[in-house]
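Engineer: See data.csv below, with CSV, C-alpha atoms.
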chain,number,residue,atom,x,y,z
O,1,MET,CA,0.0,0.0,0.0
O,2,TYR,CA,1.4,3.4,-1.0
O,3,ARG,CA,-1.1,6.1,-0.4
O,4,ILE,CA,-3.9,6.3,2.1
O,5,GLY,CA,-5.3,9.1,4.2
O,6,LYS,CA,-8.2,11.4,4.9
O,7,GLU,CA,-10.4,10.3,2.0
O,8,GLU,CA,-10.5,6.7,3.3
O,9,ILE,CA,-11.0,7.9,6.9
O,10,GLU,CA,-14.0,10.0,5.8
O,11,GLU,CA,-15.5,7.0,4.0
O,12,VAL,CA,-15.1,4.7,6.9
O,13,THR,CA,-16.6,7.3,9.2
O,14,LYS,CA,-19.7,7.4,7.0
O,15,VAL,CA,-20.1,3.7,7.1
O,16,ILE,CA,-19.8,3.6,10.9
O,17,GLU,CA,-22.2,6.5,11.3
O,18,SER,CA,-24.7,4.7,9.0
O,19,LYS,CA,-24.6,1.7,11.5
O,20,SER,CA,-24.8,-0.6,8.4
O,21,MET,CA,-21.5,-2.4,8.1
O,22,PHE,CA,-22.9,-5.6,6.6
O,23,LYS,CA,-22.4,-6.1,2.9
O,24,ILE,CA,-26.2,-6.1,2.2
O,25,ASN,CA,-28.0,-3.0,3.5
O,26,ASP,CA,-30.3,-0.1,2.6
O,27,ALA,CA,-27.8,2.5,3.6
O,28,LEU,CA,-24.6,3.4,1.7
O,29,ARG,CA,-24.2,0.1,-0.2
O,30,GLU,CA,-20.4,0.5,-0.4
O,31,THR,CA,-19.8,-3.0,-1.6
O,32,GLU,CA,-22.2,-2.6,-4.5
O,33,ALA,CA,-20.6,0.8,-5.4
O,34,CYS,CA,-17.1,-0.6,-5.2
O,35,GLU,CA,-17.9,-3.5,-7.5
O,36,ALA,CA,-19.4,-1.0,-10.0
O,37,SER,CA,-16.3,1.1,-9.9
O,38,MET,CA,-14.2,-1.9,-10.4
O,39,ARG,CA,-16.2,-3.1,-13.4
O,40,ALA,CA,-15.8,0.4,-15.0
O,41,LEU,CA,-12.1,0.7,-14.2
O,42,PHE,CA,-11.1,-2.8,-15.4
O,43,GLY,CA,-13.6,-3.0,-18.3
O,44,VAL,CA,-15.3,-6.2,-17.3
O,45,LYS,CA,-18.8,-7.4,-17.0
O,46,ARG,CA,-18.5,-8.9,-13.6
O,47,ALA,CA,-16.6,-8.1,-10.4
O,48,LEU,CA,-17.0,-9.9,-7.1
O,49,LEU,CA,-15.4,-8.5,-4.0
O,50,VAL,CA,-14.1,-11.2,-1.6
O,51,THR,CA,-11.9,-11.4,1.5
O,52,SER,CA,-8.6,-12.2,-0.1
O,53,GLY,CA,-6.7,-13.0,-3.3
O,54,TYR,CA,-6.8,-16.6,-2.3
O,55,GLY,CA,-10.6,-16.4,-2.0
O,56,ALA,CA,-10.8,-14.9,-5.5
O,57,LEU,CA,-8.6,-17.7,-7.0
O,58,ALA,CA,-10.5,-20.5,-5.2
O,59,SER,CA,-13.9,-19.0,-6.2
O,60,ALA,CA,-12.8,-18.6,-9.8
O,61,LEU,CA,-11.6,-22.2,-10.1
O,62,VAL,CA,-14.9,-23.5,-8.7
O,63,GLY,CA,-16.7,-21.2,-11.1
O,64,MET,CA,-14.6,-22.7,-13.9
O,65,GLY,CA,-15.8,-26.2,-12.9
O,66,ILE,CA,-12.3,-27.3,-11.9
O,67,GLY,CA,-12.3,-30.4,-9.7
O,68,PRO,CA,-11.1,-33.9,-9.0
O,69,GLY,CA,-9.3,-35.5,-12.0
O,70,ASP,CA,-8.2,-32.1,-13.3
O,71,GLU,CA,-4.7,-30.6,-13.3
O,72,VAL,CA,-3.9,-26.9,-13.2
O,73,ILE,CA,-0.4,-25.6,-14.2
O,74,VAL,CA,1.1,-23.0,-11.8
O,75,PRO,CA,4.6,-21.3,-11.8
O,76,ALA,CA,7.3,-22.4,-9.5
O,77,TYR,CA,7.6,-18.8,-8.3
O,78,THR,CA,4.3,-17.6,-6.8
O,79,TYR,CA,2.8,-17.4,-3.3
O,80,ILE,CA,1.6,-20.8,-2.0
O,81,ALA,CA,-2.0,-19.5,-2.2
O,82,THR,CA,-2.0,-20.0,-5.9
O,83,ALA,CA,-1.3,-23.8,-5.6
O,84,MET,CA,-3.5,-24.1,-2.5
O,85,ALA,CA,-6.5,-22.6,-4.4
O,86,VAL,CA,-6.1,-25.5,-6.9
O,87,VAL,CA,-6.2,-28.0,-4.1
O,88,ALA,CA,-9.2,-26.3,-2.6
O,89,ALA,CA,-11.1,-26.9,-5.8
O,90,GLY,CA,-10.2,-30.6,-5.5
O,91,ALA,CA,-7.7,-30.6,-8.3
O,92,ILE,CA,-3.9,-31.1,-8.6
O,93,PRO,CA,-1.4,-28.3,-9.1
O,94,VAL,CA,1.3,-29.0,-11.6
O,95,ILE,CA,4.4,-26.8,-11.3
O,96,ALA,CA,6.2,-25.2,-14.2
O,97,ASP,CA,9.5,-23.3,-14.4
O,98,ILE,CA,9.8,-19.5,-14.9
O,99,ASN,CA,12.0,-17.7,-17.4
O,100,GLU,CA,14.1,-14.5,-17.2
O,101,THR,CA,11.0,-12.3,-16.7
O,102,TYR,CA,10.3,-14.1,-13.4
O,103,THR,CA,7.0,-15.3,-14.8
O,104,ILE,CA,5.8,-18.7,-16.0
O,105,ASP,CA,7.7,-19.9,-19.1
O,106,PRO,CA,5.2,-20.6,-21.9
O,107,ALA,CA,7.5,-23.3,-23.3
O,108,GLU,CA,7.4,-25.0,-19.9
O,109,ILE,CA,3.6,-24.9,-19.9
O,110,GLU,CA,3.5,-27.1,-23.0
O,111,LYS,CA,6.0,-29.5,-21.4
O,112,LYS,CA,3.7,-30.0,-18.4
O,113,LEU,CA,0.5,-30.7,-20.4
O,114,SER,CA,-1.3,-34.0,-19.9
O,115,PRO,CA,-4.8,-35.3,-20.8
O,116,ARG,CA,-6.0,-34.0,-17.4
O,117,THR,CA,-4.8,-30.4,-17.8
O,118,ARG,CA,-7.8,-28.1,-17.7
O,119,ALA,CA,-6.3,-24.7,-16.8
O,120,VAL,CA,-3.2,-22.6,-16.3
O,121,ILE,CA,-2.6,-19.9,-13.8
O,122,PRO,CA,-0.1,-17.3,-15.1
O,123,VAL,CA,1.0,-15.2,-12.1
O,124,HIS,CA,1.9,-11.5,-12.7
O,125,ILE,CA,4.4,-11.6,-9.8
O,126,GLN,CA,5.7,-8.3,-8.4
O,127,GLY,CA,3.6,-6.6,-11.0
O,128,PHE,CA,5.6,-8.2,-13.9
O,129,PRO,CA,3.2,-9.0,-16.8
O,130,CYS,CA,3.3,-12.6,-18.1
O,131,ASP,CA,3.7,-13.3,-21.8
O,132,MET,CA,-0.1,-13.4,-22.3
O,133,ASP,CA,0.1,-13.7,-26.1
O,134,ALA,CA,2.1,-16.9,-25.9
O,135,ILE,CA,0.0,-18.3,-23.0
O,136,SER,CA,-3.2,-17.5,-24.8
O,137,ALA,CA,-2.1,-19.2,-27.9
O,138,ILE,CA,-1.2,-22.3,-26.0
O,139,ALA,CA,-4.5,-22.2,-24.1
O,140,GLU,CA,-6.4,-21.9,-27.4
O,141,LYS,CA,-4.5,-24.7,-29.0
O,142,HIS,CA,-5.1,-27.1,-26.2
O,143,GLY,CA,-8.5,-26.0,-25.0
O,144,LEU,CA,-7.3,-24.7,-21.6
O,145,MET,CA,-8.8,-22.1,-19.4
O,146,ILE,CA,-6.7,-19.2,-18.2
O,147,LEU,CA,-7.1,-17.8,-14.6
O,148,GLU,CA,-4.8,-14.8,-14.2
O,149,ASP,CA,-3.3,-14.4,-10.8
O,150,ALA,CA,-2.9,-10.6,-10.7
O,151,CYS,CA,-2.8,-10.4,-6.9
O,152,GLN,CA,0.5,-8.6,-7.0
O,153,ALA,CA,-0.4,-6.6,-10.1
O,154,ASP,CA,-3.5,-4.5,-9.3
O,155,GLY,CA,-4.1,-2.2,-12.3
O,156,GLY,CA,-1.2,-3.4,-14.4
O,157,SER,CA,-1.7,-4.2,-18.1
O,158,TYR,CA,-0.4,-6.3,-21.0
O,159,ARG,CA,-0.5,-4.6,-24.4
O,160,GLY,CA,-3.2,-2.2,-23.3
O,161,ARG,CA,-5.4,-4.8,-21.5
O,162,ARG,CA,-5.6,-4.8,-17.7
O,163,LEU,CA,-4.1,-7.8,-16.0
O,164,GLY,CA,-6.8,-10.1,-14.8
O,165,THR,CA,-9.1,-9.3,-17.7
O,166,ILE,CA,-7.3,-11.3,-20.5
O,167,GLY,CA,-8.1,-14.9,-19.4
O,168,ARG,CA,-11.5,-16.5,-18.6
O,169,ALA,CA,-11.2,-14.9,-15.1
O,170,GLY,CA,-8.7,-13.0,-13.0
O,171,ALA,CA,-7.9,-12.5,-9.3
O,172,LEU,CA,-6.7,-9.4,-7.5
O,173,SER,CA,-5.6,-8.9,-3.9
O,174,PHE,CA,-5.8,-5.8,-1.6
O,175,ASN,CA,-3.9,-6.8,1.5
O,176,GLN,CA,-1.3,-4.5,3.2
O,177,PHE,CA,1.4,-5.3,0.7
O,178,LYS,CA,-0.4,-4.7,-2.6
O,179,VAL,CA,-0.5,-1.6,-4.8
O,180,ILE,CA,-3.8,-0.6,-3.2
O,181,SER,CA,-5.2,-2.0,0.0
O,182,ALA,CA,-8.2,-2.4,2.2
O,183,GLY,CA,-6.1,-4.1,4.9
O,184,GLU,CA,-7.3,-7.4,3.4
O,185,GLY,CA,-9.5,-8.2,0.4
O,186,GLY,CA,-9.6,-9.6,-3.1
O,187,ALA,CA,-11.7,-9.5,-6.2
O,188,LEU,CA,-12.7,-11.9,-9.0
O,189,LEU,CA,-13.0,-10.3,-12.5
O,190,THR,CA,-14.7,-12.1,-15.4
O,191,ASN,CA,-16.9,-11.6,-18.4
O,192,ASP,CA,-18.3,-15.1,-18.0
O,193,ASP,CA,-21.7,-15.2,-16.4
O,194,THR,CA,-21.5,-18.9,-15.4
O,195,ILE,CA,-18.1,-18.4,-13.7
O,196,TYR,CA,-19.5,-15.4,-11.9
O,197,GLU,CA,-22.7,-17.1,-10.7
O,198,ARG,CA,-20.9,-20.2,-9.4
O,199,ALA,CA,-18.3,-18.0,-7.7
O,200,LEU,CA,-21.0,-15.8,-6.2
O,201,ILE,CA,-22.7,-18.9,-4.7
O,202,TYR,CA,-19.4,-20.5,-3.6
O,203,HIS,CA,-18.0,-17.4,-1.9
O,204,ASP,CA,-20.9,-17.0,0.5
O,205,ALA,CA,-22.9,-20.2,0.2
O,206,SER,CA,-24.5,-20.0,3.7
O,207,ALA,CA,-26.0,-16.5,3.2
O,208,ILE,CA,-26.3,-15.7,-0.5
O,209,ALA,CA,-30.0,-16.5,-0.6
O,210,PHE,CA,-30.8,-15.1,2.8
O,211,PHE,CA,-29.7,-11.5,2.5
O,212,GLY,CA,-31.1,-9.2,-0.2
O,213,ASP,CA,-31.7,-10.3,-3.8
O,214,GLN,CA,-28.2,-11.5,-4.6
O,215,LEU,CA,-29.5,-14.5,-6.5
O,216,ARG,CA,-31.6,-12.3,-8.8
O,217,ASP,CA,-31.2,-13.5,-12.4
O,218,VAL,CA,-28.8,-16.3,-11.2
O,219,THR,CA,-29.6,-19.6,-13.0
O,220,GLU,CA,-26.9,-21.8,-11.5
O,221,PRO,CA,-28.2,-24.0,-8.7
O,222,GLN,CA,-27.2,-23.4,-5.1
O,223,PHE,CA,-24.5,-25.7,-3.6
O,224,CYS,CA,-22.5,-25.8,-0.5
O,225,GLY,CA,-19.5,-23.6,-0.6
O,226,THR,CA,-17.6,-21.4,1.9
O,227,GLU,CA,-17.6,-17.8,3.2
O,228,PHE,CA,-15.3,-15.2,1.6
O,229,ARG,CA,-17.9,-12.4,2.1
O,230,THR,CA,-16.5,-8.8,2.4
O,231,ASN,CA,-17.9,-5.9,4.4
O,232,GLU,CA,-18.8,-2.3,4.0
O,233,ILE,CA,-15.8,-0.8,5.7
O,234,ALA,CA,-13.3,-2.7,3.5
O,235,ALA,CA,-15.4,-1.8,0.4
O,236,ALA,CA,-15.5,1.9,1.4
O,237,VAL,CA,-11.7,2.0,1.8
O,238,LEU,CA,-11.1,0.1,-1.5
O,239,ARG,CA,-13.5,2.3,-3.5
O,240,ARG,CA,-11.3,5.3,-2.6
O,241,GLN,CA,-8.1,3.3,-3.2
O,242,LEU,CA,-9.4,2.5,-6.7
O,243,GLU,CA,-9.6,6.2,-7.4
O,244,LYS,CA,-5.9,6.5,-6.7
O,245,LEU,CA,-4.8,3.4,-8.5
O,246,ASP,CA,-3.8,4.9,-11.9
O,247,GLY,CA,-2.0,7.8,-10.3
O,248,ILE,CA,0.0,5.5,-8.1
O,249,LEU,CA,0.9,3.3,-11.1
O,250,GLU,CA,1.9,6.3,-13.2
O,251,ASP,CA,4.3,7.5,-10.5
O,252,LEU,CA,5.7,4.0,-9.9
O,253,ARG,CA,6.4,3.5,-13.6
O,254,LYS,CA,8.0,6.9,-13.9
O,255,ASN,CA,10.3,6.4,-11.0
O,256,LYS,CA,11.2,2.8,-11.9
O,257,ALA,CA,12.1,4.0,-15.4
O,258,LEU,CA,14.3,6.8,-14.0
O,259,LEU,CA,16.1,4.5,-11.6
O,260,GLY,CA,16.5,1.7,-14.1
O,261,ALA,CA,17.9,4.1,-16.7
O,262,ARG,CA,20.6,5.2,-14.3
O,263,LEU,CA,21.5,1.8,-13.1
O,264,ALA,CA,21.6,0.2,-16.6
O,265,ALA,CA,24.9,1.9,-17.2
O,266,LYS,CA,26.5,-0.5,-14.8
O,267,TYR,CA,24.1,-3.3,-14.0
O,268,GLU,CA,21.9,-5.8,-15.9
O,269,ILE,CA,18.2,-5.0,-15.5
O,270,GLY,CA,15.8,-7.9,-15.8
O,271,PRO,CA,13.6,-7.9,-19.0
O,272,SER,CA,9.9,-7.4,-19.1
O,273,ASN,CA,7.1,-8.9,-21.3
O,274,ASP,CA,5.6,-5.4,-21.4
O,275,ILE,CA,7.4,-2.6,-19.6
O,276,ALA,CA,4.7,-0.1,-20.3
O,277,GLY,CA,2.2,-2.3,-18.5
O,278,ASP,CA,4.5,-3.3,-15.7
O,279,CYS,CA,3.2,-2.0,-12.4
O,280,GLY,CA,6.6,-0.4,-11.6
O,281,THR,CA,6.7,-1.6,-8.0
O,282,THR,CA,10.0,-3.5,-8.4
O,283,LEU,CA,13.2,-3.1,-10.3
O,284,PRO,CA,15.0,-6.4,-10.8
O,285,VAL,CA,18.8,-6.2,-10.9
O,286,VAL,CA,20.5,-9.4,-12.1
O,287,PHE,CA,24.0,-10.6,-11.1
O,288,GLY,CA,26.3,-13.4,-12.2
O,289,SER,CA,26.2,-15.1,-8.8
O,290,GLU,CA,24.3,-15.1,-5.5
O,291,ALA,CA,27.4,-13.7,-3.7
O,292,GLU,CA,27.5,-10.7,-6.0
O,293,ALA,CA,23.8,-10.2,-5.5
O,294,ARG,CA,24.1,-10.3,-1.7
O,295,ALA,CA,27.0,-7.9,-1.7
O,296,PHE,CA,25.0,-5.4,-3.7
O,297,SER,CA,21.9,-5.9,-1.5
O,298,ARG,CA,23.9,-5.1,1.6
O,299,ALA,CA,25.3,-1.9,0.2
O,300,ALA,CA,22.4,-0.7,-1.9
O,301,GLY,CA,21.0,1.9,0.5
O,302,ILE,CA,17.5,1.2,-0.7
O,303,ASP,CA,14.7,-1.2,0.4
O,304,ASN,CA,15.5,-4.4,-1.4
O,305,TYR,CA,15.6,-8.2,-1.1
O,306,LEU,CA,16.7,-11.3,-2.9
O,307,PRO,CA,13.6,-13.2,-4.1
O,308,ILE,CA,15.2,-16.5,-3.2
O,309,ASP,CA,14.6,-15.4,0.5
O,310,THR,CA,10.9,-15.1,0.2
O,311,GLY,CA,9.9,-18.5,1.6
O,312,LYS,CA,6.4,-19.5,0.6
O,313,HIS,CA,6.7,-17.6,-2.7
O,314,ILE,CA,8.9,-20.4,-4.0
O,315,TYR,CA,7.8,-24.0,-4.7
O,316,ASN,CA,10.4,-25.6,-2.4
O,317,HIS,CA,8.8,-23.9,0.6
O,318,TRP,CA,5.2,-25.0,-0.1
O,319,THR,CA,5.2,-27.5,2.8
O,320,ALA,CA,1.6,-28.6,2.6
O,321,ILE,CA,1.9,-29.1,-1.2
O,322,LEU,CA,5.2,-30.9,-1.1
O,323,GLU,CA,4.0,-33.2,1.7
O,324,LYS,CA,0.6,-33.7,-0.1
O,325,ARG,CA,-1.6,-32.7,2.8
O,326,GLY,CA,-4.5,-31.1,1.0
O,327,ALA,CA,-6.9,-31.2,4.0
O,328,PHE,CA,-6.8,-32.1,7.7
O,329,HIS,CA,-9.1,-35.1,7.3
O,330,PRO,CA,-7.6,-37.7,4.9
O,331,LEU,CA,-10.9,-38.5,3.3
O,332,MET,CA,-11.3,-34.8,2.3
O,333,ASP,CA,-7.7,-34.6,0.9
O,334,PRO,CA,-7.7,-34.1,-2.9
O,335,PHE,CA,-4.3,-35.7,-3.1
O,336,ARG,CA,-6.0,-38.9,-2.0
O,337,PHE,CA,-9.1,-38.7,-4.2
O,338,PRO,CA,-9.4,-41.7,-6.5
O,339,ALA,CA,-9.6,-39.4,-9.5
O,340,ASN,CA,-6.3,-37.8,-8.6
O,341,ALA,CA,-4.2,-40.3,-6.7
O,342,PRO,CA,-2.7,-42.2,-9.6
O,343,TYR,CA,-1.4,-38.9,-11.1
O,344,VAL,CA,-0.2,-36.9,-8.2
O,345,PRO,CA,3.4,-35.7,-8.8
O,346,ASP,CA,6.2,-36.5,-6.5
O,347,TYR,CA,6.8,-32.8,-5.7
O,348,LYS,CA,9.8,-33.5,-3.4
O,349,ALA,CA,11.6,-35.1,-6.4
O,350,GLU,CA,10.9,-32.3,-8.7
O,351,THR,CA,13.5,-29.5,-9.2
O,352,TYR,CA,13.3,-26.2,-11.0
O,353,PRO,CA,16.9,-25.1,-11.2
O,354,ARG,CA,16.2,-22.2,-13.5
O,355,THR,CA,13.8,-20.7,-11.0
O,356,LEU,CA,16.2,-21.2,-8.0
O,357,ASP,CA,19.2,-19.9,-10.0
O,358,LEU,CA,17.5,-16.7,-11.2
O,359,LEU,CA,15.9,-15.9,-7.9
O,360,SER,CA,19.2,-16.4,-6.0
O,361,ARG,CA,21.2,-13.9,-8.1
O,362,THR,CA,18.6,-11.2,-8.5
O,363,VAL,CA,18.0,-8.2,-6.2
O,364,PHE,CA,14.6,-6.7,-6.2
O,365,LEU,CA,14.8,-2.9,-5.6
O,366,LEU,CA,11.5,-1.6,-4.2
O,367,VAL,CA,10.2,1.5,-5.9
O,368,ASN,CA,8.4,4.4,-4.1
O,369,PRO,CA,5.9,6.4,-6.1
O,370,ASP,CA,6.6,9.5,-4.0
O,371,TRP,CA,10.3,9.7,-4.7
O,372,THR,CA,11.5,13.0,-6.3
O,373,ALA,CA,13.9,13.1,-9.2
O,374,ALA,CA,16.6,14.4,-6.8
O,375,GLN,CA,16.0,11.4,-4.5
O,376,ILE,CA,16.3,9.0,-7.3
O,377,ASP,CA,19.5,10.7,-8.5
O,378,ASP,CA,21.0,10.3,-5.0
O,379,LEU,CA,19.9,6.6,-4.7
O,380,ALA,CA,21.4,5.8,-8.1
O,381,ARG,CA,24.6,7.6,-7.3
O,382,ASN,CA,25.1,5.6,-4.2
O,383,MET,CA,24.7,2.3,-6.1
O,384,LEU,CA,27.0,3.2,-9.0
Show the structure stored in the file as structure tokens.
Structural biologist:
Amino acid sequence: MYRIGKEEIEEVTKVIESKSMFKINDALRETEACEASMRALFGVKRALLVTSGYGALASALVGMGIGPGDEVIVPAYTYIATAMAVVAAGAIPVIADINETYTIDPAEIEKKLSPRTRAVIPVHIQGFPCDMDAISAIAEKHGLMILEDACQADGGSYRGRRLGTIGRAGALSFNQFKVISAGEGGALLTNDDTIYERALIYHDASAIAFFGDQLRDVTEPQFCGTEFRTNEIAAAVLRRQLEKLDGILEDLRKNKALLGARLAAKYEIGPSNDIAGDCGTTLPVVFGSEAEARAFSRAAGIDNYLPIDTGKHIYNHWTAILEKRGAFHPLMDPFRFPANAPYVPDYKAETYPRTLDLLSRTVFLLVNPDWTAAQIDDLARNML
């Protein structure tokens, strides 16, 4: 989160004073207004606010009809929630290597295909756009659905199209560490009415028919799901944050470009699938070895980290996945379902050396949208 202040405070005050903080109400209807703002900003037919990016991913997969017997390809570099959402739908995550853009390698997607592959989840990690042209071509060729994980890329784009709107569905996240924030939160974006209706039912299965007319015009039958229902305070904060999104992105991109141009004289800057659509939150500086990267990191004088150190963002730290514990009760564990069990990968035996190598010798410099040109000049001078 980069910019928050009196506008959000004023909106929260209004909600509290209305004494109507539940999502469905006859007062301010902030959730309804926020979803409308999101549809307009992202240019989609449907937007569903939920409690987290994981909630958006899981709801989208259920909406797509993903389940036992299905495989979904995910990158080796993404937060564990991406893989866990696949398991929550009853399916099996299949891991694919990344390439030099830190996003899933389209060539690796094709290598991982099987007769059970139903979908792929390209992850726009750190706001870096995936190669959506290549991924879309593969999906069309093999009849796959695309669920974009844009949880770290709120508002970013690929060749003029917002990330999260290119595939069959997309997921956003609004926790403390994202471009915009409501403290916690997420959203599902789609133009597919069936995916939306199923996700709507799944995300709030115990209350969707009880409060308001949320099932108006819904033709999908009700079924047991879970509860990822948002609330009016989070929606009010997020609605104001949405108004700031493009301004934040503009300043992030400008400052990333300025810093990157200065450092490129001495260092290798990681490539992008679409630098114009890149969110600008992170400048990747690539070194020949981990030792060089760590030396630079210690001396940089700027917020930074090596992505190899990010724990559950890397496949070899996905403990529950690696140990194939998809649920507490063994009879509810998708890894043990008869439709899945014969095909579950031996995750502990799998290695993705390209992912580990690249992440170990890269330093991610964190960009601030509020830097001045003079501050960027000073930061760059200290690193050159």
Engineer: Name the residues in contact with segment 128-136 of chain O at a cut-off of 8 Å, using all atoms listed in the file, excluding same-chain residues fewer than 6 positions from it; report them as a list in words.
Structural biologist: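 Contacts, with the query itself left out: Thr101, Tyr102, Thr103, Ile104, Pro106, Pro122, Ile146, Ala153, Gly156, Ser157, Tyr158, Leu163, Ile166, Gly167, Ser272, Asn273, Asp274, Gly277, Asp278 and Cys279 of chain O.
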Engineer: Work out how far atom CA of Gly170 of chain O is from atom CA of Val286 of chain O, in Å to one decimal.
Structural biologist: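 Distance reported for this atom pair: 29.4 Å.
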Engineer: Can you tell me how far atom CA of Tyr315 of chain O sits from atom CA of Leu358 of chain O, in Å to one decimal?
Structural biologist: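 Interatomic distance, atom CA of Tyr315 of chain O to atom CA of Leu358 of chain O: 13.8 Å.
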Engineer: Find the residues with any atom within 6 Å of (14.6, 4.2, -8.8); use all atoms listed in the file and the coordinates as given in the file, and write the answer as JSON, numbers by chain.
Structural biologist: {"O": [255, 256, 258, 259, 367, 376]}
Engineer: Name all residues at most 9 Å from Asn382 of chain O (count all atoms listed in the file; drop same-chain ones fewer than 2 positions away) and give them as a ChimeraX atom specification.
Structural biologist: /O:299-301,377-380,384
Engineer: Write a file of the selected residues as a compact mmCIF listing (two decimals), in the frame of the given file, keeping C-alpha atoms.
Structural biologist:
# COMPACT_ATOMS: atom_id res chain seq x y z
CA ALA O 299 25.30 -1.90 0.20
CA ALA O 300 22.40 -0.70 -1.90
CA GLY O 301 21.00 1.90 0.50
CA ASP O 377 19.50 10.70 -8.50
CA ASP O 378 21.00 10.30 -5.00
CA LEU O 379 19.90 6.60 -4.70
CA ALA O 380 21.40 5.80 -8.10
CA LEU O 384 27.00 3.20 -9.00
Engineer: Once you count all atoms listed in the file, what closest atom pair and distance in Å to one decimal does each residue of segment 218-306 of chain O within 9 Å of segment 50-72 of chain O have, with rows by chain and rising residue number, as CSV?
Structural biologist:
residue,atom,partner,partner_atom,distance
O:Glu227,CA,O:Thr51,CA,8.7
O:Phe228,CA,O:Thr51,CA,5.1
O:Arg229,CA,O:Val50,CA,5.4
O:Thr230,CA,O:Val50,CA,5.2
O:Asn231,CA,O:Thr51,CA,8.6
Engineer: Have a look at O:Tyr352, O:Tyr343, O:Phe223, O:Phe364 and name the one nearest to Ile92 of chain O; count all atoms listed in the file.
Structural biologist: O:Tyr343
Engineer: Which of these, O:Arg262, O:Asp346, O:Pro75, O:His203, has the shortest distance to Ala373 of chain O once you count only C-alpha atoms?
Structural biologist: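 So, comparing all the options, the nearest one is O:Arg262.
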Engineer: So what do you get for atom CA of Gly260 of chain O versus atom CA of Ser181 of chain O, distance-wise?
Structural biologist: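 Answer for the atom CA of Gly260 of chain O to atom CA of Ser181 of chain O separation: 26.1 Å.
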Engineer: Using only C-alpha atoms, give me every residue within 12 Å of (17.5, -8.7, 1.2) in file coordinates, as a PyMOL selection string.
Structural biologist: chain O and resi 290+293-310+359-366
Engineer: Which residue is closest to Leu322 of chain O? Choose from O:Leu200, O:Ala236, O:Ala36, O:Val344 and count all atoms listed in the file.
Structural biologist: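 Smallest distance to Leu322 of chain O is found for O:Val344.
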Engineer: Would you please work out which residue, of O:Thr194, O:Asn368, O:Glu268, O:Gly311, is nearest to Lys254 of chain O when using all atoms listed in the file?
Structural biologist: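 Counting all atoms listed in the file, the residue closest to Lys254 of chain O is O:Asn368.
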Engineer: Show me, as a list in words, the residues that have an atom within 9 Å of Val87 of chain O when counting all atoms listed in the file, minus same-chain residues fewer than 2 positions from it.
Structural biologist: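 My list of contacting residues is Ala58, Gly67, Ala83, Met84, Ala85, Ala89, Gly90, Ala91, Ile92, Pro93, Ile321, Gly326, Ala327, Asp333, Pro334 and Phe335 of chain O.
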Engineer: At a cut-off of 12 Å, can you tabulate as JSON lines every residue of segment 146-198 of chain O near segment 2-26 of chain O together with its closest atom pair and the distance in Å to one decimal, using all atoms listed in the file and ordering rows by chain then number?
Structural biologist:
{"residue": "O:Phe174", "atom": "CA", "partner": "O:Tyr2", "partner_atom": "CA", "distance": 11.7}
{"residue": "O:Asn175", "atom": "CA", "partner": "O:Tyr2", "partner_atom": "CA", "distance": 11.8}
{"residue": "O:Gln176", "atom": "CA", "partner": "O:Tyr2", "partner_atom": "CA", "distance": 9.3}
{"residue": "O:Phe177", "atom": "CA", "partner": "O:Tyr2", "partner_atom": "CA", "distance": 8.9}
{"residue": "O:Lys178", "atom": "CA", "partner": "O:Tyr2", "partner_atom": "CA", "distance": 8.5}
{"residue": "O:Val179", "atom": "CA", "partner": "O:Tyr2", "partner_atom": "CA", "distance": 6.6}
{"residue": "O:Ile180", "atom": "CA", "partner": "O:Tyr2", "partner_atom": "CA", "distance": 6.9}
{"residue": "O:Ser181", "atom": "CA", "partner": "O:Tyr2", "partner_atom": "CA", "distance": 8.6}
{"residue": "O:Ala182", "atom": "CA", "partner": "O:Glu8", "partner_atom": "CA", "distance": 9.5}
{"residue": "O:Gly183", "atom": "CA", "partner": "O:Ile4", "partner_atom": "CA", "distance": 11.0}
Engineer: Can I get N, CA and C atoms for segment 108-115 of chain O, as a compact mmCIF listing (two decimals), in the first residue's frame?
Structural biologist:
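Output saved as part_6.txt:
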# COMPACT_ATOMS: atom_id res chain seq x y z
N GLU O 108 7.50 -24.07 -20.95
CA GLU O 108 7.37 -25.04 -19.87
C GLU O 108 5.92 -25.47 -19.66
N ILE O 109 4.98 -24.57 -19.97
CA ILE O 109 3.57 -24.94 -19.89
C ILE O 109 3.29 -26.11 -20.81
N GLU O 110 3.77 -26.02 -22.03
CA GLU O 110 3.52 -27.10 -23.01
C GLU O 110 4.16 -28.41 -22.57
N LYS O 111 5.31 -28.33 -21.92
CA LYS O 111 5.97 -29.55 -21.44
C LYS O 111 5.18 -30.23 -20.33
N LYS O 112 4.39 -29.45 -19.60
CA LYS O 112 3.67 -29.98 -18.44
C LYS O 112 2.26 -30.45 -18.78
N LEU O 113 1.84 -30.30 -20.01
CA LEU O 113 0.49 -30.68 -20.39
C LEU O 113 0.27 -32.18 -20.29
N SER O 114 -0.93 -32.56 -19.89
CA SER O 114 -1.34 -33.96 -19.88
C SER O 114 -2.81 -34.00 -20.30
N PRO O 115 -3.37 -35.18 -20.49
CA PRO O 115 -4.80 -35.26 -20.83
C PRO O 115 -5.70 -34.69 -19.75
